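Worksheet: one structure, shown below.
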Amino acid sequence: LADAAHGLQERLDVLVTGDIALKETKQFLGENIDTDAVTDFMETRGRSFKISASNLGDDLLDCMSTPEDYKDLYQLLEESGQHYLLKEIKSFQWKTGVTYSTAVPLKPRQQQDQGATGEGAVSKEKTAQESALPSGETKHLPSSAIGLKKQVVKLILLGETEAGKTSLRVTIILGKPHTEEEANRTIGVDIRTYIDGTHGIEYNIYDFGGHEVYHYTHRFFLTHLGLYLLCVDLPAYRSEHFQERVGKWVTSISSHVTKPALIVVGTKSDEGDVTEKIALLEKDIKSAETAVRQALEEEISRCQETLNNRVQGLQMEDDHFVGLSREEVLDKKTSLQKLLDGRLEDLVDVHIVPVSSKRNEGIDALRSKMAEIVLRRISVSGGSREVPQSWSDLCKRIKQETSKPCLSVEVCKQSGAAVGMGTADVMNALDYFNVSGEIVFYRRIQGMEDKVFQHPTTIMRLFKLFFRHDMAQHLQTLDGLMDEDRQQFLEGGVVTDKFVEAVLPEEAEAFKLLLPLMKHFGLCFNSRVTMMANVARRGLQAFAPHWPKVPKEGTREIKLIMKSLDVNNRHPVGLGESLACRITQMSEEGRRLVRRDAIINRVDNIDIMYRRVYDDNGKQEQGETTSNNTVDEIRLRTEIPEAWRGMKKLVKEIEPCLEEYRARLTEDRVVVVGDRKVESIPLEALHKHTAEDLDKMFRGEWTRQQAVSSVDKAKEYTIDNGLYDVSSRLGESWLSLATDLGLPRLELEQIQKGPLTNDTQRAFQALQLWRKKAGHGPLHYLPQLVEALENKGQVDENAGLKNIAGDVTDMLEEHRQNLPKLTVNPEETENTEETLKWSLPQEGRFHCQGSDLHVITPYPLYVTTASWSAGPWRCSSDWVPVGALFHIQFRPDDATQPVEIDLPHIVELAEADMKLACLGDDDGQHEILPVEPVKPAHVTAAHVTARLRTDARVGPVGRRRAVCAALHIDDAQKDLEEKLTTMGRTDLAKTVRRMFRDHVSAMEEMDLKSDVTSDQDGKTKFCLTLPCKGKYVCPHTDIGIVTSGPMAMTYQREFLPDQWEHQDDWTPVGPVFSLHCDVTEDGPVEIMLPHILHLSEEDTVGIGEKEAKVVHARQDKKEELLPVVVTPTHFIFRHRKGSWWWDVIFGRTFPRRGILALFKSPWRSYGMEMKAFIVSNIAGVTETLKDAVRDLTGEETFEMLASKPCKLVSDQTYCLHVDVEN
């Protein structure tokens, strides 16, 4: 029996400790457990899986009926790779032990061969310790104990003006009837305190004014910590009033807060029989909420349908989520499900609480309802967090400092040091008190980094002074306010310095300090402050003068449409004004229209328009709108190549507005105006793709690339396990770190006050939320985490955070090393050039098939082979390309981490002799930009490894002398070019040739004097003595010489032979020269023969190696066609011994450089005779023309009147137009 009892006790231990541990971790499990694994686990136990995290935890608890169930769950977590979940469960088991009050300790089982020592002795000692605990005491605090402490709750009263909010507030506090006089309307917000002694709850009551002008400030005070009373005037309610009196308030609350605690209070119940009004209001609320839920469920179903099609490999013609990967669609589905789960369930089955402040009726029922919700929330969340005493002391010290409107962070650190706090502890405390609403500390907003406002009421006081429904009358009562300043504010919202001094005599300094915050949230704009809430709405014809209906030719129009999923298509209050304010701030000079609901602005060369579009039945009367159905729309117009880049920049500018309303129910779509096959794409796809891909999407030509993976499922959670270890070591610093990582205050507040039970869970969920927002894999976000930890460790002087940063670095390196190598085949392209293109679909390690290129990338990439010789060589001539050139193109535009590339090269060099040339790329325009300085790289025998952060063309280059030595050739352009050609590296050979051409063209010409003589036949002969290395050009003939040392050369012009060997296929394009140099056969002398072609730099690139030659005719009449390097003015070639030389072109007709020359005779009785010539323009041609005129006319009297260069085109007729006067 003892053995049986002991066995039962052990099983009971497992059940009880497991039950307690699961209760403490159920929300954490629900948020993170592998859904596929838990589905199978629950289905084998006859349970269906629910996607809601909170329901999943409860369902798991219900499944656990035997110790074997817990054993199977632990084994499931172990096998799935989610070791961190198992650690978290067992951490609570370790804390709990078997100290539950109902356990009766039994004698441990004894082995027959054991005495009073060994295991038996240890077990007895442990049992004795456990028995010593007082009856009912445990190490785990039961939830019921939380209710013993007085709770402090923010109670927020909302509703239209005259809904009875203030009367209700006074009645709740005083406990007796009250009616507010009409003259005592609430200005902005009033704050009062009320203690419900019966239920042990202290309420800080925020009574908001109901006039529209106050609505823009409400979002500053909406919080997860609040209990909301939505007051509706029952006698005055009509269904057509639903949006204004109920709908917009529910939308505003739910766009900021998930699962808000909301009570709908029907006021003025004493004014007649309101039973029917209550039923009507409940019906309308239920109908509206049902419609919202149906819209969300339809979106979720659409996501699921897309996921099913993606799994089956089906391509849908009308893919609503075009541009998004399967994982991104799954994330969207999850976020929509969270929005659905975050809706207030009570609205579907709402029960209005009717009250009468005038008779003090229904108030007790309302108090009980409030207490019930508060206590229920406390039991779910696990109670209020106990802050350290030193934190409370710091908060008191900060609030006691009233001589200044705000304190610096340094002053707060000094106050913290006085109560024994370190730098890190102070920053953690400041972040905590900001999230909990004790202070204002928006250190992530530019201009607010060092400002700690001791009291949130500072903002409230400003709002009460600036946002008033009776502002016009109020301003009339102020002394010292000039009529001009008053009028500017009332008509355009302009706040002058004199206005501030008159309206805010005691708060002027605080106003200036808070301006960055107000601008960030879209309440004002301009260096000359303008309050957006006071700017007029647009008229019906406001757009016509500033925004033509049809874009200009050559421009593109893209628009972003933000359509609410809410029942009346209404966006939350303040969103439109925030968007308008953000776009207005983008440029002061380009503003053409500024209205509260319409902006037209020009930023650089981009036209931007924001407007709120009303439905067909919407009417705008006297600056107001009566429309319920609205859509926010932003349009952009600019030149086609700049359109997508401009749109991405614009969306980044307005992202803070969208982040502020994180739970808004909306569908944001991007549309290209004009002909298109695809109607729209999701906004999320905009930043994931290049401009080229986005154009393909709208043309219906984009093909979704399947993600590739060979990672074991159990290894997917390696990063999760590592982040959990990080979270377990952060402690109180998690909130401050999450703030540094950029998580919004409301999301942190939700994590902090949610159902998670310890800081490890909270820290992990914050990191999970942050990395999901990152949108990419560990190679993208882990370096950011390392940087944040190092920065925080340095600022807070916390060595522990620096150690954690080192561990995250190790985690990153391990992840990088364990990435499997995946081979990607080149895509089929329509490009006629011999280029290869690879599409790398995701983070990973890739080998590009068909090349020896290897890439480790955090992001999707396009990799394309490119040509070195297609553009000018901008590096030093000391460097030459030694491997293929690749165009690396980042597909997302939020890339921050480098791509690691292993570029193949053709010659093994020392690391000092190998570099990476990086040719910049202009955001997808595929234009070659000047090369950045040659960058250091790591060299192996076959590859050069480097890291790249932006779009660019990259390739390996080597020091020319080292390359020639490694290839066992002389350090000469000709030898290197020939060697590369024989190696099959044609592009590299062409580049070496072009490098030489560019080098020669850039050389400075040396002064040259030539001896000119004539032979017995009258031919002019030139004798040149070149004193040193350099480039020389003869001023008489344009012939050039590039020599590496002193030399002498003689040359003369010759007539083209009547018959020559290649005349049937080649066309002469320059004069004929006979050259003689006193150099060896292979002496390094380059000859520059002038040509008559009219060529640009781009034209020279297009002339192939087989299209341009130089004819070398030796004394034995044997002709050779030798390769040349073509420049806009010369053919350059290596000198050889011989006689005649001239330039020739094969099979192509180019424009030629010509000259128009006019000659005139002396004045005669019949007038003046003129002769016009159009000839090829070569050096000395005008002297030749003078001789020609003399030969034609037999006169010496003709003289040149004028000459002008011109462009000669084959088969073109040229006409000379002459104007004659007198």
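Note on naming: chains are A, B, ... as they come in the structure tokens, residues start from 1 per chain, ligands start from 1 in the order shown.
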Would you please give, as a PDB file with N, CA and C atoms, in the first residue's frame, all residues of range 829-908 of chain A that DSSP assigns to strand (DSSP E or B) based on the backbone?
```pdb
ATOM      1  N   LYS A 837      20.953  35.624 -65.537  1.00  0.00           N
ATOM      2  CA  LYS A 837      20.302  36.279 -64.409  1.00  0.00           C
ATOM      3  C   LYS A 837      19.806  35.218 -63.435  1.00  0.00           C
ATOM      4  N   TRP A 838      20.156  35.417 -62.165  1.00  0.00           N
ATOM      5  CA  TRP A 838      19.708  34.516 -61.111  1.00  0.00           C
ATOM      6  C   TRP A 838      18.833  35.292 -60.141  1.00  0.00           C
ATOM      7  N   SER A 839      17.794  34.650 -59.672  1.00  0.00           N
ATOM      8  CA  SER A 839      16.908  35.258 -58.678  1.00  0.00           C
ATOM      9  C   SER A 839      17.059  34.487 -57.371  1.00  0.00           C
ATOM     10  N   LEU A 840      17.618  35.141 -56.359  1.00  0.00           N
ATOM     11  CA  LEU A 840      17.784  34.523 -55.049  1.00  0.00           C
ATOM     12  C   LEU A 840      16.579  34.907 -54.203  1.00  0.00           C
ATOM     13  N   GLY A 844      19.816  33.286 -47.362  1.00  0.00           N
ATOM     14  CA  GLY A 844      20.408  31.968 -47.518  1.00  0.00           C
ATOM     15  C   GLY A 844      21.797  32.017 -48.118  1.00  0.00           C
ATOM     16  N   ARG A 845      22.354  30.812 -48.321  1.00  0.00           N
ATOM     17  CA  ARG A 845      23.666  30.619 -48.956  1.00  0.00           C
ATOM     18  C   ARG A 845      23.402  30.002 -50.328  1.00  0.00           C
ATOM     19  N   PHE A 846      23.844  30.667 -51.396  1.00  0.00           N
ATOM     20  CA  PHE A 846      23.476  30.244 -52.740  1.00  0.00           C
ATOM     21  C   PHE A 846      24.709  30.096 -53.636  1.00  0.00           C
ATOM     22  N   HIS A 847      24.603  29.125 -54.538  1.00  0.00           N
ATOM     23  CA  HIS A 847      25.564  28.990 -55.632  1.00  0.00           C
ATOM     24  C   HIS A 847      24.821  29.260 -56.928  1.00  0.00           C
ATOM     25  N   CYS A 848      25.315  30.212 -57.717  1.00  0.00           N
ATOM     26  CA  CYS A 848      24.668  30.576 -58.976  1.00  0.00           C
ATOM     27  C   CYS A 848      25.162  29.631 -60.070  1.00  0.00           C
ATOM     28  N   LEU A 853      29.999  31.847 -58.843  1.00  0.00           N
ATOM     29  CA  LEU A 853      29.662  32.877 -57.862  1.00  0.00           C
ATOM     30  C   LEU A 853      28.919  32.255 -56.684  1.00  0.00           C
ATOM     31  N   HIS A 854      29.329  32.618 -55.456  1.00  0.00           N
ATOM     32  CA  HIS A 854      28.677  32.159 -54.240  1.00  0.00           C
ATOM     33  C   HIS A 854      28.243  33.384 -53.438  1.00  0.00           C
ATOM     34  N   VAL A 855      27.040  33.314 -52.874  1.00  0.00           N
ATOM     35  CA  VAL A 855      26.465  34.469 -52.189  1.00  0.00           C
ATOM     36  C   VAL A 855      25.847  34.019 -50.867  1.00  0.00           C
ATOM     37  N   ILE A 856      26.118  34.784 -49.800  1.00  0.00           N
ATOM     38  CA  ILE A 856      25.376  34.652 -48.542  1.00  0.00           C
ATOM     39  C   ILE A 856      24.623  35.962 -48.366  1.00  0.00           C
ATOM     40  N   THR A 857      23.304  35.893 -48.390  1.00  0.00           N
ATOM     41  CA  THR A 857      22.512  37.118 -48.413  1.00  0.00           C
ATOM     42  C   THR A 857      21.436  37.120 -47.343  1.00  0.00           C
ATOM     43  N   LEU A 861      17.626  38.706 -53.743  1.00  0.00           N
ATOM     44  CA  LEU A 861      18.518  39.446 -54.640  1.00  0.00           C
ATOM     45  C   LEU A 861      18.253  39.068 -56.087  1.00  0.00           C
ATOM     46  N   TYR A 862      18.627  39.978 -56.979  1.00  0.00           N
ATOM     47  CA  TYR A 862      18.825  39.643 -58.378  1.00  0.00           C
ATOM     48  C   TYR A 862      20.324  39.740 -58.651  1.00  0.00           C
ATOM     49  N   VAL A 863      20.862  38.726 -59.315  1.00  0.00           N
ATOM     50  CA  VAL A 863      22.263  38.727 -59.707  1.00  0.00           C
ATOM     51  C   VAL A 863      22.324  38.538 -61.216  1.00  0.00           C
ATOM     52  N   THR A 864      23.004  39.449 -61.909  1.00  0.00           N
ATOM     53  CA  THR A 864      23.084  39.414 -63.358  1.00  0.00           C
ATOM     54  C   THR A 864      24.535  39.571 -63.790  1.00  0.00           C
ATOM     55  N   THR A 865      24.919  38.803 -64.799  1.00  0.00           N
ATOM     56  CA  THR A 865      26.247  39.017 -65.349  1.00  0.00           C
ATOM     57  C   THR A 865      26.277  40.347 -66.082  1.00  0.00           C
ATOM     58  N   ALA A 866      27.387  41.039 -65.992  1.00  0.00           N
ATOM     59  CA  ALA A 866      27.534  42.348 -66.625  1.00  0.00           C
ATOM     60  C   ALA A 866      28.842  42.383 -67.397  1.00  0.00           C
ATOM     61  N   TRP A 879      45.324  49.072 -62.113  1.00  0.00           N
ATOM     62  CA  TRP A 879      44.471  47.922 -61.802  1.00  0.00           C
ATOM     63  C   TRP A 879      43.765  47.451 -63.060  1.00  0.00           C
ATOM     64  N   VAL A 880      43.628  46.133 -63.185  1.00  0.00           N
ATOM     65  CA  VAL A 880      42.931  45.547 -64.333  1.00  0.00           C
ATOM     66  C   VAL A 880      41.937  44.504 -63.818  1.00  0.00           C
ATOM     67  N   PRO A 881      40.839  44.274 -64.548  1.00  0.00           N
ATOM     68  CA  PRO A 881      39.871  43.260 -64.103  1.00  0.00           C
ATOM     69  C   PRO A 881      40.445  41.860 -64.247  1.00  0.00           C
ATOM     70  N   LEU A 885      32.293  40.417 -64.083  1.00  0.00           N
ATOM     71  CA  LEU A 885      31.568  41.502 -63.416  1.00  0.00           C
ATOM     72  C   LEU A 885      30.129  41.055 -63.202  1.00  0.00           C
ATOM     73  N   PHE A 886      29.607  41.269 -61.985  1.00  0.00           N
ATOM     74  CA  PHE A 886      28.238  40.887 -61.660  1.00  0.00           C
ATOM     75  C   PHE A 886      27.464  42.102 -61.171  1.00  0.00           C
ATOM     76  N   HIS A 887      26.216  42.168 -61.580  1.00  0.00           N
ATOM     77  CA  HIS A 887      25.324  43.233 -61.110  1.00  0.00           C
ATOM     78  C   HIS A 887      24.490  42.667 -59.956  1.00  0.00           C
ATOM     79  N   ILE A 888      24.721  43.168 -58.755  1.00  0.00           N
ATOM     80  CA  ILE A 888      23.991  42.728 -57.564  1.00  0.00           C
ATOM     81  C   ILE A 888      22.903  43.751 -57.287  1.00  0.00           C
ATOM     82  N   GLN A 889      21.665  43.297 -57.220  1.00  0.00           N
ATOM     83  CA  GLN A 889      20.528  44.200 -57.051  1.00  0.00           C
ATOM     84  C   GLN A 889      19.667  43.727 -55.877  1.00  0.00           C
ATOM     85  N   PHE A 890      19.564  44.568 -54.840  1.00  0.00           N
ATOM     86  CA  PHE A 890      18.734  44.256 -53.674  1.00  0.00           C
ATOM     87  C   PHE A 890      17.268  44.412 -54.069  1.00  0.00           C
ATOM     88  N   VAL A 899      25.626  42.012 -48.037  1.00  0.00           N
ATOM     89  CA  VAL A 899      25.600  40.720 -48.707  1.00  0.00           C
ATOM     90  C   VAL A 899      27.040  40.264 -48.877  1.00  0.00           C
ATOM     91  N   GLU A 900      27.306  39.020 -48.532  1.00  0.00           N
ATOM     92  CA  GLU A 900      28.651  38.472 -48.671  1.00  0.00           C
ATOM     93  C   GLU A 900      28.753  37.732 -49.985  1.00  0.00           C
ATOM     94  N   ILE A 901      29.707  38.133 -50.825  1.00  0.00           N
ATOM     95  CA  ILE A 901      29.824  37.539 -52.155  1.00  0.00           C
ATOM     96  C   ILE A 901      31.228  36.987 -52.343  1.00  0.00           C
ATOM     97  N   ASP A 902      31.305  35.783 -52.921  1.00  0.00           N
ATOM     98  CA  ASP A 902      32.575  35.164 -53.303  1.00  0.00           C
ATOM     99  C   ASP A 902      32.673  35.233 -54.825  1.00  0.00           C
ATOM    100  N   LEU A 903      33.496  36.162 -55.318  1.00  0.00           N
ATOM    101  CA  LEU A 903      33.616  36.395 -56.750  1.00  0.00           C
ATOM    102  C   LEU A 903      34.775  35.577 -57.313  1.00  0.00           C
ATOM    103  N   PRO A 904      34.549  34.818 -58.379  1.00  0.00           N
ATOM    104  CA  PRO A 904      35.643  34.033 -58.964  1.00  0.00           C
ATOM    105  C   PRO A 904      36.639  34.935 -59.690  1.00  0.00           C
TER     106      PRO A 904
END
```
I want to know what sits within 6 Å of His1130 in chain A, based on only C-alpha atoms, with residues of the same chain fewer than 5 positions away left out; could you give that as a list in words? Met1088, Leu1089, Pro1090 and His1091 of chain A
Residues within 12 Å of Lys1021 in chain A, please, as a ChimeraX atom specification. Count only C-alpha atoms; anything in the same chain fewer than 5 positions from it doesn't count. /A:1010-1016,1036-1037,1049-1054,1073-1076
Using DSSP assignments from the backbone, pull out every residue in range 467-523 of chain A that falls under helix (DSSP H, G or I) and give it to me as a VMD selection string. chain A and resid 471 to 476 483 to 492 497 to 503 508 to 520
Between A:Cys63, A:Cys1077, A:Val1209, A:Leu575, which is the closest to His218 in chain A once you count only C-alpha atoms?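 Smallest separation from His218 in chain A among the options: A:Leu575.
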Spatial neighbours of Val292 in chain A, max dist 12 Å, only C-alpha atoms, sep filter under 4 positions, as an MDAnalysis selection string: chainID A and resid 247 250:251 254 285:288 296:299 336 339:340 343:344 347:348 564:570 664:666
Could you check which of A:Pro841, A:Leu658, A:Gly323, A:Glu827 is closest to Trp702 in chain A, using only C-alpha atoms?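 Comparing A:Pro841, A:Leu658, A:Gly323, A:Glu827 against Trp702 in chain A, the winner is A:Gly323.
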Neighbouring residues of range 195-202 of chain A were defined as those with any atom within 7 Å, considering only C-alpha atoms; residues of the same chain fewer than 5 positions away were excluded. Please report them as a PDB file with N, CA and C atoms, in the first residue's frame.
```pdb
ATOM      1  N   LYS A 150      -5.245  47.587  -3.302  1.00  0.00           N
ATOM      2  CA  LYS A 150      -6.030  48.606  -3.989  1.00  0.00           C
ATOM      3  C   LYS A 150      -5.491  48.803  -5.394  1.00  0.00           C
ATOM      4  N   GLN A 151      -6.385  48.776  -6.390  1.00  0.00           N
ATOM      5  CA  GLN A 151      -5.999  48.924  -7.770  1.00  0.00           C
ATOM      6  C   GLN A 151      -6.250  50.355  -8.242  1.00  0.00           C
ATOM      7  N   VAL A 152      -5.324  50.880  -9.057  1.00  0.00           N
ATOM      8  CA  VAL A 152      -5.476  52.208  -9.641  1.00  0.00           C
ATOM      9  C   VAL A 152      -5.782  52.033 -11.117  1.00  0.00           C
ATOM     10  N   VAL A 153      -6.896  52.598 -11.584  1.00  0.00           N
ATOM     11  CA  VAL A 153      -7.384  52.385 -12.948  1.00  0.00           C
ATOM     12  C   VAL A 153      -7.661  53.730 -13.595  1.00  0.00           C
ATOM     13  N   ALA A 371     -16.318  47.601 -11.566  1.00  0.00           N
ATOM     14  CA  ALA A 371     -15.479  46.797 -10.675  1.00  0.00           C
ATOM     15  C   ALA A 371     -15.332  45.373 -11.193  1.00  0.00           C
TER      16      ALA A 371
END
```
Report, in Å to a single decimal, how far apart CA of Glu977 in chain A and CA of Met1003 in chain A are.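 Calculated distance between CA of Met1003 in chain A and CA of Glu977 in chain A is 20.4 Å.
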Nearest to Glu68 in chain A by atom-to-atom distance, counting only C-alpha atoms, from A:Gly46, A:Pro641, A:Gly18, A:Pro892: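 Nearest to Glu68 in chain A: A:Gly18.
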Two-atom distance - CA of Glu790 in chain A, CA of Leu769 in chain A (Å):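 Answer for the CA of Glu790 in chain A to CA of Leu769 in chain A separation: 20.5 Å.
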Contacts of range 1119-1122 of chain A within 8 Å, only C-alpha atoms, excl. fewer than 6 positions in-chain, as JSON, numbers by chain: {"A": [1061, 1109, 1110, 1111, 1112, 1113, 1133]}
